[in-house]
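Raw structure_18.cif, mmCIF, C-alpha atoms:
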data_entry
loop_
_atom_site.label_atom_id
_atom_site.label_comp_id
_atom_site.auth_asym_id
_atom_site.auth_seq_id
_atom_site.Cartn_x
_atom_site.Cartn_y
_atom_site.Cartn_z
CA MET F 361 26.99 45.27 38.94
CA HIS F 362 23.46 46.60 38.99
CA SER F 363 23.34 46.60 35.28
CA SER F 364 24.52 42.97 35.16
CA PHE F 365 21.83 41.88 37.70
CA THR F 366 19.11 43.56 35.68
CA SER F 367 20.38 41.84 32.59
CA SER F 368 20.19 38.33 34.10
CA VAL F 369 16.68 38.92 35.51
CA GLU F 370 15.46 40.04 32.14
CA ASN F 371 17.12 37.20 30.32
CA PRO F 372 14.39 36.04 27.94
CA ALA F 373 15.80 32.49 27.81
CA ILE F 374 14.48 31.72 31.33
CA GLU F 375 11.06 33.09 30.46
CA GLN F 376 10.98 30.99 27.30
CA GLU F 377 11.95 27.83 29.19
CA THR F 378 9.17 28.31 31.77
CA ARG F 379 6.57 28.85 29.08
CA THR F 380 7.64 25.73 27.21
CA ALA F 381 7.33 23.58 30.33
CA ASP F 382 3.82 24.95 30.92
CA GLU F 383 2.88 24.20 27.36
CA ILE F 384 4.04 20.61 27.62
CA ASP F 385 1.87 20.12 30.72
CA LEU F 386 -1.25 21.37 28.97
CA PRO F 387 -3.72 18.61 28.17
CA TRP F 388 -3.50 17.41 24.60
CA GLN F 389 -6.08 15.57 22.57
CA VAL F 390 -5.79 12.77 20.05
CA VAL F 391 -7.96 13.53 17.04
CA VAL F 392 -8.77 11.10 14.22
CA HIS F 393 -9.78 12.61 10.88
CA ASN F 394 -12.00 11.23 8.14
CA ASP F 395 -10.43 9.33 5.29
CA PRO F 396 -12.57 7.95 2.47
CA VAL F 397 -10.23 4.99 1.84
CA ASN F 398 -10.05 3.33 5.26
CA LEU F 399 -12.87 0.85 5.82
CA MET F 400 -15.32 1.55 8.64
CA SER F 401 -14.79 -1.94 10.07
CA TYR F 402 -11.02 -1.43 9.97
CA VAL F 403 -11.22 1.92 11.79
CA THR F 404 -13.47 0.35 14.45
CA MET F 405 -10.99 -2.51 14.94
CA VAL F 406 -8.09 -0.05 15.30
CA PHE F 407 -9.96 2.00 17.95
CA GLN F 408 -10.65 -1.18 19.90
CA LYS F 409 -7.03 -2.30 19.70
CA VAL F 410 -5.33 1.02 20.45
CA PHE F 411 -7.69 2.43 23.09
CA GLY F 412 -9.20 -0.80 24.42
CA LEU F 413 -12.71 0.44 23.64
CA THR F 414 -15.79 -1.76 23.49
CA LYS F 415 -17.09 -2.43 19.98
CA GLU F 416 -20.08 -0.12 20.60
CA LYS F 417 -17.91 2.79 21.75
CA ALA F 418 -15.40 2.24 18.96
CA GLU F 419 -18.25 2.28 16.43
CA ARG F 420 -19.62 5.52 17.91
CA HIS F 421 -16.23 7.21 17.41
CA MET F 422 -15.87 5.71 13.93
CA LEU F 423 -19.29 7.10 12.96
CA GLU F 424 -18.38 10.49 14.40
CA VAL F 425 -15.24 10.51 12.24
CA HIS F 426 -17.29 9.47 9.21
CA GLN F 427 -20.14 11.95 9.74
CA GLN F 428 -18.46 14.93 11.43
CA GLY F 429 -15.04 14.57 9.82
CA ARG F 430 -13.22 14.09 13.13
CA SER F 431 -13.47 12.60 16.57
CA ILE F 432 -11.52 13.18 19.78
CA LEU F 433 -10.42 9.76 20.97
CA TRP F 434 -8.39 10.65 24.03
CA SER F 435 -7.06 13.63 25.96
CA GLY F 436 -4.32 13.91 28.53
CA MET F 437 -0.59 14.35 28.83
CA ARG F 438 1.47 14.96 25.72
CA GLU F 439 3.78 11.96 25.97
CA ARG F 440 0.95 9.42 26.02
CA ALA F 441 -0.99 11.31 23.38
CA GLU F 442 2.07 11.16 21.10
CA LEU F 443 2.28 7.42 21.64
CA TYR F 444 -1.38 6.99 20.66
CA VAL F 445 -0.91 9.09 17.53
CA GLN F 446 2.14 7.01 16.61
CA GLN F 447 0.14 3.80 17.01
CA LEU F 448 -2.71 5.20 14.91
CA HIS F 449 -0.27 6.20 12.16
CA GLY F 450 1.11 2.66 12.31
CA TYR F 451 -2.40 1.52 11.35
CA LEU F 452 -2.42 4.22 8.64
CA LEU F 453 -5.19 6.31 10.18
CA LEU F 454 -5.14 10.09 9.83
CA ALA F 455 -4.53 11.19 13.41
CA THR F 456 -3.18 14.37 14.97
CA LEU F 457 -2.27 15.79 18.33
CA GLU F 458 -3.96 19.03 19.32
CA ARG F 459 -3.73 21.29 22.34
CA THR F 460 -6.90 21.31 24.43
CA ASN F 461 -8.20 24.81 24.76
CA MET D 1341 -13.01 -17.28 -6.19
CA GLU D 1342 -13.85 -18.76 -2.84
CA ILE D 1343 -12.60 -17.51 0.49
CA ARG D 1344 -12.97 -19.33 3.79
CA ARG D 1345 -11.31 -20.10 7.08
CA GLN D 1346 -9.42 -23.42 7.06
CA GLY D 1347 -7.90 -24.15 10.47
CA ASP D 1348 -5.03 -21.69 11.05
CA CYS D 1349 -5.33 -20.21 7.57
CA ILE D 1350 -7.58 -18.05 5.49
CA GLU D 1351 -7.82 -19.92 2.22
CA ILE D 1352 -8.53 -18.15 -1.04
CA SER D 1353 -9.20 -20.84 -3.61
CA GLU D 1354 -10.27 -20.92 -7.26
CA LEU D 1355 -8.29 -17.74 -7.81
CA ASP D 1356 -8.39 -16.97 -11.50
CA PRO D 1357 -5.20 -15.67 -13.14
CA PHE D 1358 -6.45 -12.06 -13.17
CA LEU D 1359 -7.22 -11.92 -9.43
CA ALA D 1360 -4.03 -13.86 -8.66
CA GLU D 1361 -2.08 -11.20 -10.55
CA LEU D 1362 -3.79 -8.43 -8.57
CA LEU D 1363 -2.74 -10.19 -5.37
CA ARG D 1364 0.84 -10.52 -6.65
CA GLN D 1365 0.79 -6.76 -7.13
CA VAL D 1366 0.05 -5.95 -3.46
CA PRO D 1367 3.70 -5.46 -2.39
CA GLU D 1368 4.56 -3.42 -5.48
CA SER D 1369 1.43 -1.29 -5.03
CA THR D 1370 2.64 -0.09 -1.63
CA ASN D 1371 5.59 1.67 -3.27
CA THR D 1372 5.26 5.44 -2.88
CA ASP D 1373 8.31 6.36 -4.98
CA GLY D 1374 7.54 9.29 -7.22
CA VAL D 1375 4.02 9.71 -5.84
CA GLU D 1376 4.21 12.71 -3.56
CA ALA D 1377 0.53 12.51 -2.55
CA ALA D 1378 1.01 8.88 -1.46
CA GLN D 1379 4.13 9.78 0.54
CA GLN D 1380 2.20 12.52 2.29
CA ARG D 1381 -0.72 10.21 3.04
CA LEU D 1382 1.33 7.33 4.44
CA PHE D 1383 3.55 9.66 6.45
CA SER D 1384 1.02 12.31 7.39
CA SER D 1385 1.80 15.09 9.82
CA PRO D 1386 1.16 14.37 13.53
CA ALA D 1387 0.07 17.93 14.28
CA ALA D 1388 -0.71 21.32 12.77
CA ALA D 1389 2.12 23.10 10.97
CA SER D 1390 2.32 25.57 13.88
CA GLU D 1391 3.76 22.73 16.02
CA ALA D 1392 6.97 22.92 13.99
CA GLU D 1393 9.27 21.39 16.60
CA MET D 1394 7.00 18.40 17.19
CA CYS D 1395 6.65 17.78 13.45
CA ALA D 1396 10.44 17.97 12.96
CA GLU D 1397 11.08 15.50 15.79
CA TRP D 1398 8.44 13.18 14.37
CA LYS D 1399 10.16 13.16 10.98
CA LEU D 1400 13.47 12.38 12.62
CA TYR D 1401 12.46 9.70 15.13
CA VAL D 1402 9.02 8.30 14.36
CA GLU D 1403 8.91 8.19 10.56
CA PRO D 1404 11.83 5.74 10.25
CA GLU D 1405 10.02 3.41 12.69
CA LEU D 1406 6.81 3.66 10.68
CA ARG D 1407 8.76 2.91 7.48
CA ARG D 1408 10.18 -0.23 9.09
CA LEU D 1409 6.74 -1.30 10.29
CA PHE D 1410 5.21 -0.88 6.84
CA GLN D 1411 8.14 -2.61 5.17
CA THR D 1412 7.94 -5.60 7.52
CA ALA D 1413 4.22 -6.02 6.77
CA THR D 1414 4.88 -5.85 3.03
CA GLN D 1415 7.69 -8.41 3.28
CA THR D 1416 5.43 -10.83 5.18
CA VAL D 1417 2.78 -10.52 2.48
CA ALA D 1418 5.37 -10.94 -0.29
CA ALA D 1419 6.58 -14.16 1.37
CA ASP D 1420 3.01 -15.54 1.56
CA LEU D 1421 2.46 -14.63 -2.08
CA GLN D 1422 5.34 -16.88 -3.13
CA GLN D 1423 2.71 -19.65 -3.13
CA LEU D 1424 1.25 -18.13 -6.30
CA ASN D 1425 4.51 -18.50 -8.21
CA GLY D 1426 4.71 -22.27 -8.10
CA SER D 1427 1.96 -23.14 -10.57
CA THR D 1428 3.19 -25.07 -13.60
CA LYS D 1429 0.09 -24.11 -15.60
CA PRO D 1430 0.10 -20.33 -16.01
CA PHE D 1431 -3.61 -19.99 -16.75
CA ALA D 1432 -4.89 -22.40 -14.09
CA ASP D 1433 -6.81 -21.25 -11.03
CA CYS D 1434 -4.73 -21.33 -7.87
CA THR D 1435 -5.05 -21.25 -4.11
CA LEU D 1436 -3.50 -18.92 -1.54
CA ARG D 1437 -3.32 -19.74 2.16
CA ILE D 1438 -2.78 -16.83 4.53
CA PRO D 1439 -1.72 -17.95 8.02
CA THR D 1440 -3.97 -16.17 10.54
CA GLU D 1441 -0.84 -15.08 12.45
CA ASN D 1442 -0.04 -12.93 9.38
CA SER D 1443 -3.48 -11.28 9.38
CA ASP D 1444 -2.24 -7.98 10.84
CA ALA D 1445 0.53 -7.78 8.24
CA TRP D 1446 -2.01 -8.41 5.47
CA LEU D 1447 -4.41 -5.78 6.81
CA ASN D 1448 -1.56 -3.29 6.96
CA ALA D 1449 -0.11 -4.04 3.51
CA LEU D 1450 -3.55 -4.06 1.87
CA ASN D 1451 -4.27 -0.71 3.49
CA GLN D 1452 -0.95 0.72 2.32
CA ALA D 1453 -1.70 -0.45 -1.21
CA ARG D 1454 -5.24 0.98 -1.17
CA LEU D 1455 -4.04 4.36 0.14
CA VAL D 1456 -1.18 4.59 -2.35
CA ILE D 1457 -3.37 3.68 -5.35
CA ALA D 1458 -6.13 6.07 -4.21
CA ALA D 1459 -3.58 8.88 -3.81
CA LYS D 1460 -1.96 8.09 -7.16
CA TYR D 1461 -5.25 8.35 -9.09
CA ASN D 1462 -6.82 10.93 -6.81
CA PHE D 1463 -10.08 9.02 -6.51
CA SER D 1464 -13.01 11.03 -5.17
CA GLU D 1465 -15.16 9.76 -2.31
CA GLY D 1466 -17.96 9.22 -4.85
CA GLU D 1467 -15.76 7.01 -7.02
CA LEU D 1468 -14.61 4.98 -4.02
CA CYS D 1469 -18.23 4.32 -3.05
CA ASP D 1470 -19.39 3.45 -6.56
CA HIS D 1471 -19.40 -0.34 -6.52
CA TYR D 1472 -21.47 -0.59 -9.70
CA ARG D 1473 -18.95 1.13 -11.93
CA SER D 1474 -18.72 0.13 -15.59
CA PRO D 1475 -16.15 -2.49 -16.65
CA ILE D 1476 -12.43 -1.76 -16.52
CA GLY D 1477 -11.44 0.42 -19.47
CA SER D 1478 -8.31 2.18 -18.32
CA ARG D 1479 -5.39 1.89 -15.89
CA ARG D 1480 -7.33 4.23 -13.58
CA ASP D 1481 -10.39 1.93 -13.63
CA LEU D 1482 -8.11 -1.00 -12.84
CA GLY D 1483 -6.73 1.01 -9.91
CA LEU D 1484 -10.24 1.52 -8.56
CA PHE D 1485 -10.98 -2.18 -8.98
CA GLN D 1486 -7.76 -2.98 -7.08
CA VAL D 1487 -8.76 -0.65 -4.21
CA ASN D 1488 -12.15 -2.37 -3.97
CA PHE D 1489 -10.75 -5.89 -4.30
CA TYR D 1490 -8.15 -5.28 -1.60
CA GLY D 1491 -10.90 -3.73 0.54
CA PHE D 1492 -13.01 -6.86 0.11
CA LEU D 1493 -10.07 -8.98 1.33
CA GLN D 1494 -9.58 -6.68 4.31
CA GLU D 1495 -13.27 -7.03 5.20
CA PHE D 1496 -13.01 -10.80 5.07
CA ILE D 1497 -9.86 -10.91 7.22
CA LEU D 1498 -11.50 -8.57 9.77
CA HIS D 1499 -14.60 -10.73 9.74
CA GLU D 1500 -12.48 -13.79 10.52
CA LEU D 1501 -10.52 -11.99 13.25
CA ARG D 1502 -13.80 -11.07 14.96
CA GLY D 1503 -14.79 -14.72 14.76
CA GLU D 1504 -18.01 -13.94 12.92
CA ARG D 1505 -19.66 -16.62 10.85
#

What do you get writing this file as structure tokens?
Amino acid sequence: MHSSFTSSVENPAIEQETRTADEIDLPWQVVVHNDPVNLMSYVTMVFQKVFGLTKEKAERHMLEVHQQGRSILWSGMRERAELYVQQLHGYLLLATLERTN
Amino acid sequence: MEIRRQGDCIEISELDPFLAELLRQVPESTNTDGVEAAQQRLFSSPAAASEAEMCAEWKLYVEPELRRLFQTATQTVAADLQQLNGSTKPFADCTLRIPTENSDAWLNALNQARLVIAAKYNFSEGELCDHYRSPIGSRRDLGLFQVNFYGFLQEFILHELRGER
């Protein structure tokens, strides 16, 4: 009996499940990467459409992508971040989801 | 070639046979078959390789949706391009009218084509920015011309969508 109790407490599956839930709740960020083919005006238009940014803000992010190689467009919960990345891929932009450290 | 807004359409007139042929090639140019680099570019990974589970789910659920989206855009463009097949004189200039409601599909298909061609010929950033390149001498040069020509059309469509004059 004792042995069985110890075994269920130490069951690594529970530990794993808890950790996964924590990981999902971590803030995630939507990152857009530089691509020499996509036009600057096109990238700006996509940022405006997907994130509802003003033209000025969209252009700032576009220039950051162009000059620094990447720009963080949004951060928050994973589900929404995934949706943004999916939309950006639909417009053929190079976008990824990253954990916020 | 002349390009202007005409009511609910973007009209490309005085299209010479060469440019008309490049336009006809838009749908075909989006084909990634046999071009691994193009496949990888159009269906790029949503996260780092360490996020294996997320990447696997993406392949399973999101990629088919993206394929459908890209295919729909290409089909819309192919339907608009039917206008270029009706000319009785094969070497005459022709006119193409793109309904503004199809603008998003055109932007998407032109972008697909540009990315696929660029991946196929592995153009460098320098080549893509060189707008004063010497005349077309090879299939690769033609590819670069196509990328730039399709980019010019994208710029014009974007310009019209923003309502700039």

Next on the checklist: Selection in question (the file shown): the PyMOL selection byres ((chain D and resi 1347) around 12). Which residues does it include, as an MDAnalysis selection string?
Outcome noted: chainID D and resid 1344:1346 1348:1351 1437:1441 1500

Item to check | Selection near D:Trp1398, 12 Å with all atoms listed in the file, sequence-local residues under 4 positions removed, as a ChimeraX atom specification | outcome: /F:442-443,445-446,449,456-457 /D:1383-1387,1391-1394,1402-1406

Checklist entry - For this file, the PyMOL selection byres ((chain F and resi 432) around 7) selects which residues, as a PyMOL selection string? => result chain F and resi 389-392+430-431+433-434

Build an axis-aligned box that encloses every atom of stretch 422-430 of chain F listed in the file, pad it by 8 Å on each side, and report its centre and edge lengths in Å to one decimal, as lines of an AutoDock Vina configuration file.
center_x = -16.7
center_y = 10.3
center_z = 11.8
size_x = 22.9
size_y = 25.2
size_z = 21.2

Checklist entry - Evaluating the PyMOL selection byres ((chain D and resi 1379) around 12) on the displayed file yields which residues, as number ranges by chain? => result F: 452; D: 1370-1378, 1380-1385, 1403, 1407, 1452-1453, 1455-1460

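Nearest residue to D:Ser1369, choosing from D:Asn1488, D:Asn1451, D:Ser1390, D:Thr1416 and counting all atoms listed in the file: D:Asn1451.
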
Next on the checklist: Residues of chain F were defined as contacting chain D if any atom lay at most 12 Å from it, counting only C-alpha atoms; please report them as a PyMOL selection string.
Outcome noted: chain F and resi 380+383-384+388-406+408-409+415+426+438-439+441-459

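As for atom CA of D:Asp1433 and atom CA of D:Ser1353, they are spaced 7.8 Å apart.
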
Item to check | Straight-line distance linking atom CA of D:Tyr1461 with atom CA of D:Leu1484, stated in Å to one decimal | outcome: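 Atom-to-atom, atom CA of D:Tyr1461 and atom CA of D:Leu1484 are spaced 8.5 Å apart.
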
Item to check | d(atom CA of D:Val1366, atom CA of F:Ala418) in Å | outcome: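 So the answer is 28.4 Å.
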
Item to check | Protein and nucleic acid residues near (-5.3, -20.8, -3.1) (cut-off 8 Å, all atoms listed in the file) as a list in words | outcome: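 Protein, DNA and RNA residues close to (-5.3, -20.8, -3.1): Glu1351, Ile1352, Ser1353, Glu1354, Leu1355, Leu1424, Cys1434, Thr1435, Leu1436 and Arg1437 of chain D.
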
Next on the checklist: At a cut-off of 10 Å around the point (0.2, -12.9, -11.4) (file coordinates), what residues fall inside when counting only C-alpha atoms? I'd like the answer as a list in words.
Outcome noted: Asp1356, Pro1357, Phe1358, Leu1359, Ala1360, Glu1361, Leu1362, Leu1363, Arg1364, Gln1365, Leu1421, Leu1424, Asn1425, Pro1430 and Phe1431 of chain D

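Between D:Ser1443 and the candidates D:Gly1483, D:Asp1470, D:Phe1496, D:Tyr1401, the tightest atom-to-atom separation, counting only C-alpha atoms, involves D:Phe1496.
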